[in-house]
Amino acid sequence: MKLFLKLVIKKKFKVQDIWYRFEWQSRGSDHIHGFLWIDDAPSVTDLDQYLSFWGVRVTAFNLAGELPAAAVHPSSRPFSERTNTLRELTELLNRFQRHTRCTPSYCQRKIRGTDELTCRFHFPRSERPLPEVPCEVNSNHRVYLPARNDALLNSYNATVTMGWMANTDLSPCTDQTAVVHYLAKYCSKAEKKSEPFKSLLQSVMLRVSDRAPLLSLAIKLMNKLIAERDWSAQEVCHHLLQLDLRSSSRAVQDLDLRPIENQRRALDLQNGHATVSKTFLEHYCERPAHQEHLTLLAAAREYTWINKTQDFRPRRDRPKVINLFPRYSGRSSHADYPNFCRAKLMLHHCFRSVTLDDLLNDDDEDWVSAYAACAANHDHSRDPLGAVLEAVEADSETESL
Ligand SMILES: [Zn+2]
Ligand SMILES: [Zn+2]
């Protein structure tokens, strides 16, 4: 995957950022879900530019559709016999990029209220001479539909197909909602287990040998797991080789904004000794004097804590992506609002005390009034908590609910 990114994807596209994760389809063959952020890709708001950019890069045109099946699987040809011709591209497409068989176990689902079956990937798809981004296909966002002369072909990019030599599915994103939908639908989904452990265990119990029951049980259960494809050989090898399950071009920093007494701590196990590690908040409060004016947000985004020197070292790489939690509500009528105000002050105002005493000016001040003064007088950088939602907006929203 790393070589493919370096030698094919990054040469083909101006990749700004990348994220991907491994998955094992029906716990069988490897499968990768990913996102590419492309530097020069136009926004869908400029429709003509968007269509001319993607129209030549993602298509469902089978340029020389009618070809006899290649004698040797085109993906197994040695490198020296590769021709990089249109014929070869078509052979590859015909071999793995077409959705030629709809079956109930794979893609067919009943249409609600009827006995009729339909393909959940919407094959066969209508042909169209030019790409389009209609609003009607999905009620939440526009969908890119490539130019198509083959009702069964998955959209493809010729370079990607010839480089990867296995099935791919490329969808140019249209907007933020489309990205969120893709993330929720495909990227964060866990694989289904084929059969519960309990029933697998019961089925092998009967055949356990009397001489070494525990060993026999373990071996039989392991074999059963492989046979039932809960873990395929590919997945097991991936883990044994200690390969990453996901990868991205940006580092992520978790940032817990709960009061210190509610924060979870990691246990560090080394040479048989367990030590409780400090939280990011504690490191921040213990920063050396020359980093007095560093805010928590800047420390999390632009610095790395170095245990050896007990200070924050500026990152040479791009800022980290902040995974901030809890996401307190910024609605002023919400019960969480004082916490939202406290979190805002923690992010943007410097402090030293883990109990946050020094963030309030005097004993009478509470988080809401302290943040009101901050919002009226300061212009802080953007943060993942976002802006305060106005009371008017909150009220009308409650009404509509
Ligand atoms: Zn189908
Ligand atoms: Zn402020």
# chains A, B, ... in the order shown; residues from 1 in each chain; ligands from 1
>>> select_by_dssp(residues="range 134-187 of chain A", states="strand (DSSP E or B)", output="VMD selection string")
chain A and resid 145 148 153 156
>>> residues_around(residues="Leu67 in chain A", least_positions_apart="4", cutoff="9 Å", atoms="only C-alpha atoms", output="ChimeraX atom specification")
/A:87,90-91,94
>>> closest_residue(among="A:Asn154, A:Glu127, A:Ala147, A:Gly55", to="ligand 1", atoms="only C-alpha atoms and all ligand atoms")
A:Asn154
>>> residues_near_ligand(ligand="ligand 1", cutoff="12 Å", atoms="only C-alpha atoms and all ligand atoms", output="list in words")
Arg98, His99, Thr100, Arg101, Cys102, Thr103, Pro104, Ser105, Tyr106, Cys107, Gln108, Arg109, Leu117, Thr118, Cys119, Arg120, Phe121, His122, Phe123, Pro124, Arg125, Ala151, Leu152, Leu153 and Asn154 of chain A
>>> write_last_selection(atoms="C-alpha atoms", output="PDB file, in the first residue's frame")
ATOM      1  CA  ARG A  98     -17.479  -5.127 -13.574  1.00  0.00           C
ATOM      2  CA  HIS A  99     -20.390  -6.053 -11.312  1.00  0.00           C
ATOM      3  CA  THR A 100     -21.418  -9.082 -13.369  1.00  0.00           C
ATOM      4  CA  ARG A 101     -23.326 -11.145 -10.820  1.00  0.00           C
ATOM      5  CA  CYS A 102     -25.952 -10.034  -8.332  1.00  0.00           C
ATOM      6  CA  THR A 103     -26.624 -12.652  -5.643  1.00  0.00           C
ATOM      7  CA  PRO A 104     -28.820 -12.628  -2.500  1.00  0.00           C
ATOM      8  CA  SER A 105     -25.810 -13.423  -0.287  1.00  0.00           C
ATOM      9  CA  TYR A 106     -23.778 -10.495  -1.618  1.00  0.00           C
ATOM     10  CA  CYS A 107     -25.680  -7.510  -2.925  1.00  0.00           C
ATOM     11  CA  GLN A 108     -29.361  -8.268  -3.390  1.00  0.00           C
ATOM     12  CA  ARG A 109     -31.815  -6.835  -0.878  1.00  0.00           C
ATOM     13  CA  LEU A 117     -34.912  -8.031  -5.064  1.00  0.00           C
ATOM     14  CA  THR A 118     -32.699  -5.102  -5.930  1.00  0.00           C
ATOM     15  CA  CYS A 119     -28.916  -4.633  -6.044  1.00  0.00           C
ATOM     16  CA  ARG A 120     -27.749  -2.471  -3.146  1.00  0.00           C
ATOM     17  CA  PHE A 121     -24.983  -1.063  -5.366  1.00  0.00           C
ATOM     18  CA  HIS A 122     -27.644   0.025  -7.900  1.00  0.00           C
ATOM     19  CA  PHE A 123     -26.407  -2.162 -10.774  1.00  0.00           C
ATOM     20  CA  PRO A 124     -27.170  -2.123 -13.651  1.00  0.00           C
ATOM     21  CA  ARG A 125     -26.694   1.666 -13.800  1.00  0.00           C
ATOM     22  CA  ALA A 151     -24.099  -0.512 -17.153  1.00  0.00           C
ATOM     23  CA  LEU A 152     -22.081  -2.945 -15.009  1.00  0.00           C
ATOM     24  CA  LEU A 153     -18.743  -1.173 -14.734  1.00  0.00           C
ATOM     25  CA  ASN A 154     -17.613   0.321 -11.404  1.00  0.00           C
TER      26      ASN A 154
END
>>> closest_atom_pairs(of="chain A", to="ligand 2", cutoff="10 Å", atoms="only C-alpha atoms and all ligand atoms", output="CSV")
residue,atom,partner,partner_atom_place_in_ligand_line,distance
A:Lys344,CA,ligand 2,1 (Zn),8.2
A:Leu345,CA,ligand 2,1 (Zn),6.5
A:Met346,CA,ligand 2,1 (Zn),9.6
A:Leu347,CA,ligand 2,1 (Zn),9.3
A:His348,CA,ligand 2,1 (Zn),6.2
A:His349,CA,ligand 2,1 (Zn),6.1
A:Cys350,CA,ligand 2,1 (Zn),9.7
A:Ala370,CA,ligand 2,1 (Zn),8.7
A:Tyr371,CA,ligand 2,1 (Zn),7.1
A:Ala372,CA,ligand 2,1 (Zn),8.9
A:Ala373,CA,ligand 2,1 (Zn),7.4
A:Cys374,CA,ligand 2,1 (Zn),3.7
A:Ala375,CA,ligand 2,1 (Zn),6.0
A:Ala376,CA,ligand 2,1 (Zn),8.2
A:Asn377,CA,ligand 2,1 (Zn),6.8
A:His378,CA,ligand 2,1 (Zn),4.8
A:Asp379,CA,ligand 2,1 (Zn),7.0
A:His380,CA,ligand 2,1 (Zn),6.5
A:Ser381,CA,ligand 2,1 (Zn),10.0
>>> residues_around(residues="Val354 in chain A", least_positions_apart="5", cutoff="12 Å", atoms="only C-alpha atoms", output="PyMOL selection string")
chain A and resi 257-263+278-287+296+346+359
>>> residues_around(residues="Gly163 in chain A", least_positions_apart="6", cutoff="10 Å", atoms="only C-alpha atoms", output="PyMOL selection string")
chain A and resi 4-5+7-9+75+84+157
>>> residues_around(residues="Ser76 in chain A", least_positions_apart="2", cutoff="12 Å", atoms="only C-alpha atoms", output="list in words")
Ala70, Ala71, Val72, His73, Pro74, Pro78, Phe79, Ser80, Glu81, Arg82, Glu91, Leu92, Arg95, Trp164, Met165 and Ala166 of chain A
>>> select_by_dssp(residues="range 166-311 of chain A", states="alpha helix (DSSP H)", output="ChimeraX atom specification")
/A:176-182,197-205,213-227,233-240,280-285,296-302
>>> write_last_selection(atoms="N, CA and C atoms", output="compact mmCIF listing (two decimals), in the first residue's frame")
# COMPACT_ATOMS: atom_id res chain seq x y z
N GLN A 176 -18.99 18.52 2.36
CA GLN A 176 -18.69 18.02 3.70
C GLN A 176 -19.68 16.93 4.15
N THR A 177 -20.96 17.12 3.81
CA THR A 177 -21.97 16.14 4.21
C THR A 177 -21.67 14.78 3.58
N ALA A 178 -21.24 14.80 2.32
CA ALA A 178 -20.92 13.56 1.63
C ALA A 178 -19.78 12.85 2.34
N VAL A 179 -18.79 13.61 2.79
CA VAL A 179 -17.64 13.03 3.49
C VAL A 179 -18.09 12.40 4.80
N VAL A 180 -18.94 13.13 5.54
CA VAL A 180 -19.42 12.62 6.83
C VAL A 180 -20.22 11.32 6.61
N HIS A 181 -21.04 11.28 5.57
CA HIS A 181 -21.82 10.07 5.26
C HIS A 181 -20.91 8.89 4.95
N TYR A 182 -19.88 9.15 4.17
CA TYR A 182 -18.96 8.08 3.81
C TYR A 182 -18.25 7.55 5.06
N PHE A 197 -18.73 -16.82 19.50
CA PHE A 197 -17.72 -17.72 20.05
C PHE A 197 -18.35 -18.90 20.79
N LYS A 198 -19.43 -18.59 21.51
CA LYS A 198 -20.04 -19.61 22.34
C LYS A 198 -20.47 -20.81 21.50
N SER A 199 -21.12 -20.55 20.35
CA SER A 199 -21.60 -21.68 19.55
C SER A 199 -20.44 -22.39 18.85
N LEU A 200 -19.37 -21.62 18.52
CA LEU A 200 -18.19 -22.27 17.93
C LEU A 200 -17.59 -23.22 18.97
N LEU A 201 -17.52 -22.74 20.19
CA LEU A 201 -16.93 -23.52 21.29
C LEU A 201 -17.75 -24.79 21.52
N GLN A 202 -19.07 -24.63 21.54
CA GLN A 202 -19.93 -25.80 21.76
C GLN A 202 -19.74 -26.84 20.67
N SER A 203 -19.57 -26.37 19.42
CA SER A 203 -19.45 -27.33 18.33
C SER A 203 -18.13 -28.09 18.38
N VAL A 204 -17.07 -27.50 18.94
CA VAL A 204 -15.80 -28.25 18.98
C VAL A 204 -15.65 -29.05 20.28
N MET A 205 -16.41 -28.69 21.31
CA MET A 205 -16.34 -29.38 22.61
C MET A 205 -16.49 -30.89 22.49
N PRO A 213 -6.87 -32.20 26.99
CA PRO A 213 -8.10 -31.50 26.61
C PRO A 213 -7.92 -30.01 26.29
N LEU A 214 -7.11 -29.32 27.10
CA LEU A 214 -7.00 -27.88 26.88
C LEU A 214 -6.31 -27.57 25.55
N LEU A 215 -5.19 -28.27 25.31
CA LEU A 215 -4.45 -28.06 24.07
C LEU A 215 -5.34 -28.42 22.87
N SER A 216 -6.02 -29.55 23.00
CA SER A 216 -6.88 -30.02 21.92
C SER A 216 -8.00 -29.00 21.65
N LEU A 217 -8.57 -28.48 22.71
CA LEU A 217 -9.65 -27.49 22.56
C LEU A 217 -9.13 -26.23 21.85
N ALA A 218 -7.94 -25.77 22.29
CA ALA A 218 -7.38 -24.54 21.70
C ALA A 218 -7.13 -24.75 20.21
N ILE A 219 -6.52 -25.90 19.86
CA ILE A 219 -6.20 -26.15 18.45
C ILE A 219 -7.48 -26.24 17.62
N LYS A 220 -8.46 -26.98 18.16
CA LYS A 220 -9.71 -27.15 17.39
C LYS A 220 -10.43 -25.81 17.21
N LEU A 221 -10.41 -24.98 18.25
CA LEU A 221 -11.09 -23.69 18.18
C LEU A 221 -10.38 -22.78 17.16
N MET A 222 -9.04 -22.78 17.21
CA MET A 222 -8.28 -21.95 16.25
C MET A 222 -8.58 -22.39 14.83
N ASN A 223 -8.57 -23.71 14.60
CA ASN A 223 -8.85 -24.20 13.25
C ASN A 223 -10.24 -23.81 12.80
N LYS A 224 -11.17 -23.90 13.72
CA LYS A 224 -12.55 -23.57 13.41
C LYS A 224 -12.66 -22.07 13.03
N LEU A 225 -11.95 -21.24 13.78
CA LEU A 225 -11.99 -19.79 13.51
C LEU A 225 -11.49 -19.49 12.11
N ILE A 226 -10.41 -20.18 11.72
CA ILE A 226 -9.87 -19.97 10.37
C ILE A 226 -10.88 -20.50 9.34
N ALA A 227 -11.39 -21.70 9.60
CA ALA A 227 -12.31 -22.32 8.64
C ALA A 227 -13.58 -21.49 8.50
N ALA A 233 -6.32 -15.96 6.58
CA ALA A 233 -4.85 -16.03 6.62
C ALA A 233 -4.25 -14.64 6.40
N GLN A 234 -4.87 -13.86 5.48
CA GLN A 234 -4.33 -12.51 5.20
C GLN A 234 -4.37 -11.61 6.43
N GLU A 235 -5.49 -11.70 7.16
CA GLU A 235 -5.63 -10.84 8.33
C GLU A 235 -4.62 -11.25 9.41
N VAL A 236 -4.48 -12.58 9.61
CA VAL A 236 -3.54 -13.08 10.61
C VAL A 236 -2.11 -12.63 10.26
N CYS A 237 -1.75 -12.75 8.97
CA CYS A 237 -0.40 -12.33 8.55
C CYS A 237 -0.18 -10.84 8.79
N HIS A 238 -1.20 -10.05 8.50
CA HIS A 238 -1.10 -8.60 8.70
C HIS A 238 -0.75 -8.30 10.16
N HIS A 239 -1.43 -8.98 11.09
CA HIS A 239 -1.18 -8.76 12.52
C HIS A 239 0.20 -9.28 12.92
N LEU A 240 0.54 -10.48 12.40
CA LEU A 240 1.83 -11.07 12.78
C LEU A 240 3.00 -10.21 12.31
N PHE A 280 -2.12 14.92 29.35
CA PHE A 280 -1.63 16.06 28.58
C PHE A 280 -1.80 17.35 29.38
N LEU A 281 -2.92 17.43 30.10
CA LEU A 281 -3.21 18.61 30.92
C LEU A 281 -2.13 18.81 31.99
N GLU A 282 -1.70 17.72 32.62
CA GLU A 282 -0.66 17.82 33.65
C GLU A 282 0.68 18.26 33.04
N HIS A 283 1.02 17.68 31.89
CA HIS A 283 2.26 18.12 31.22
C HIS A 283 2.19 19.62 30.93
N TYR A 284 1.02 20.05 30.44
CA TYR A 284 0.87 21.46 30.10
C TYR A 284 1.11 22.34 31.32
N CYS A 285 0.51 21.95 32.45
CA CYS A 285 0.64 22.77 33.67
C CYS A 285 2.08 22.74 34.22
N LEU A 296 -2.97 25.97 25.79
CA LEU A 296 -3.18 24.51 25.73
C LEU A 296 -3.42 24.08 24.27
N LEU A 297 -4.19 24.89 23.54
CA LEU A 297 -4.50 24.55 22.16
C LEU A 297 -3.25 24.58 21.28
N ALA A 298 -2.43 25.61 21.46
CA ALA A 298 -1.19 25.70 20.67
C ALA A 298 -0.25 24.56 21.04
N ALA A 299 -0.18 24.23 22.34
CA ALA A 299 0.70 23.13 22.77
C ALA A 299 0.26 21.83 22.12
N ALA A 300 -1.06 21.60 22.08
CA ALA A 300 -1.58 20.35 21.52
C ALA A 300 -1.39 20.29 20.01
N ARG A 301 -1.57 21.43 19.37
CA ARG A 301 -1.54 21.47 17.91
C ARG A 301 -0.12 21.51 17.34
N GLU A 302 0.71 22.34 17.95
CA GLU A 302 1.98 22.66 17.29
C GLU A 302 3.22 22.15 18.01
>>> residues_around(residues="Pro314 in chain A", least_positions_apart="2", cutoff="8 Å", atoms="only C-alpha atoms", output="JSON, numbers by chain")
{"A": [302, 303, 304, 312, 316]}
>>> atom_distance(atom1="CA of Leu89 in chain A", atom2="CA of Pro146 in chain A")
17.7 Å
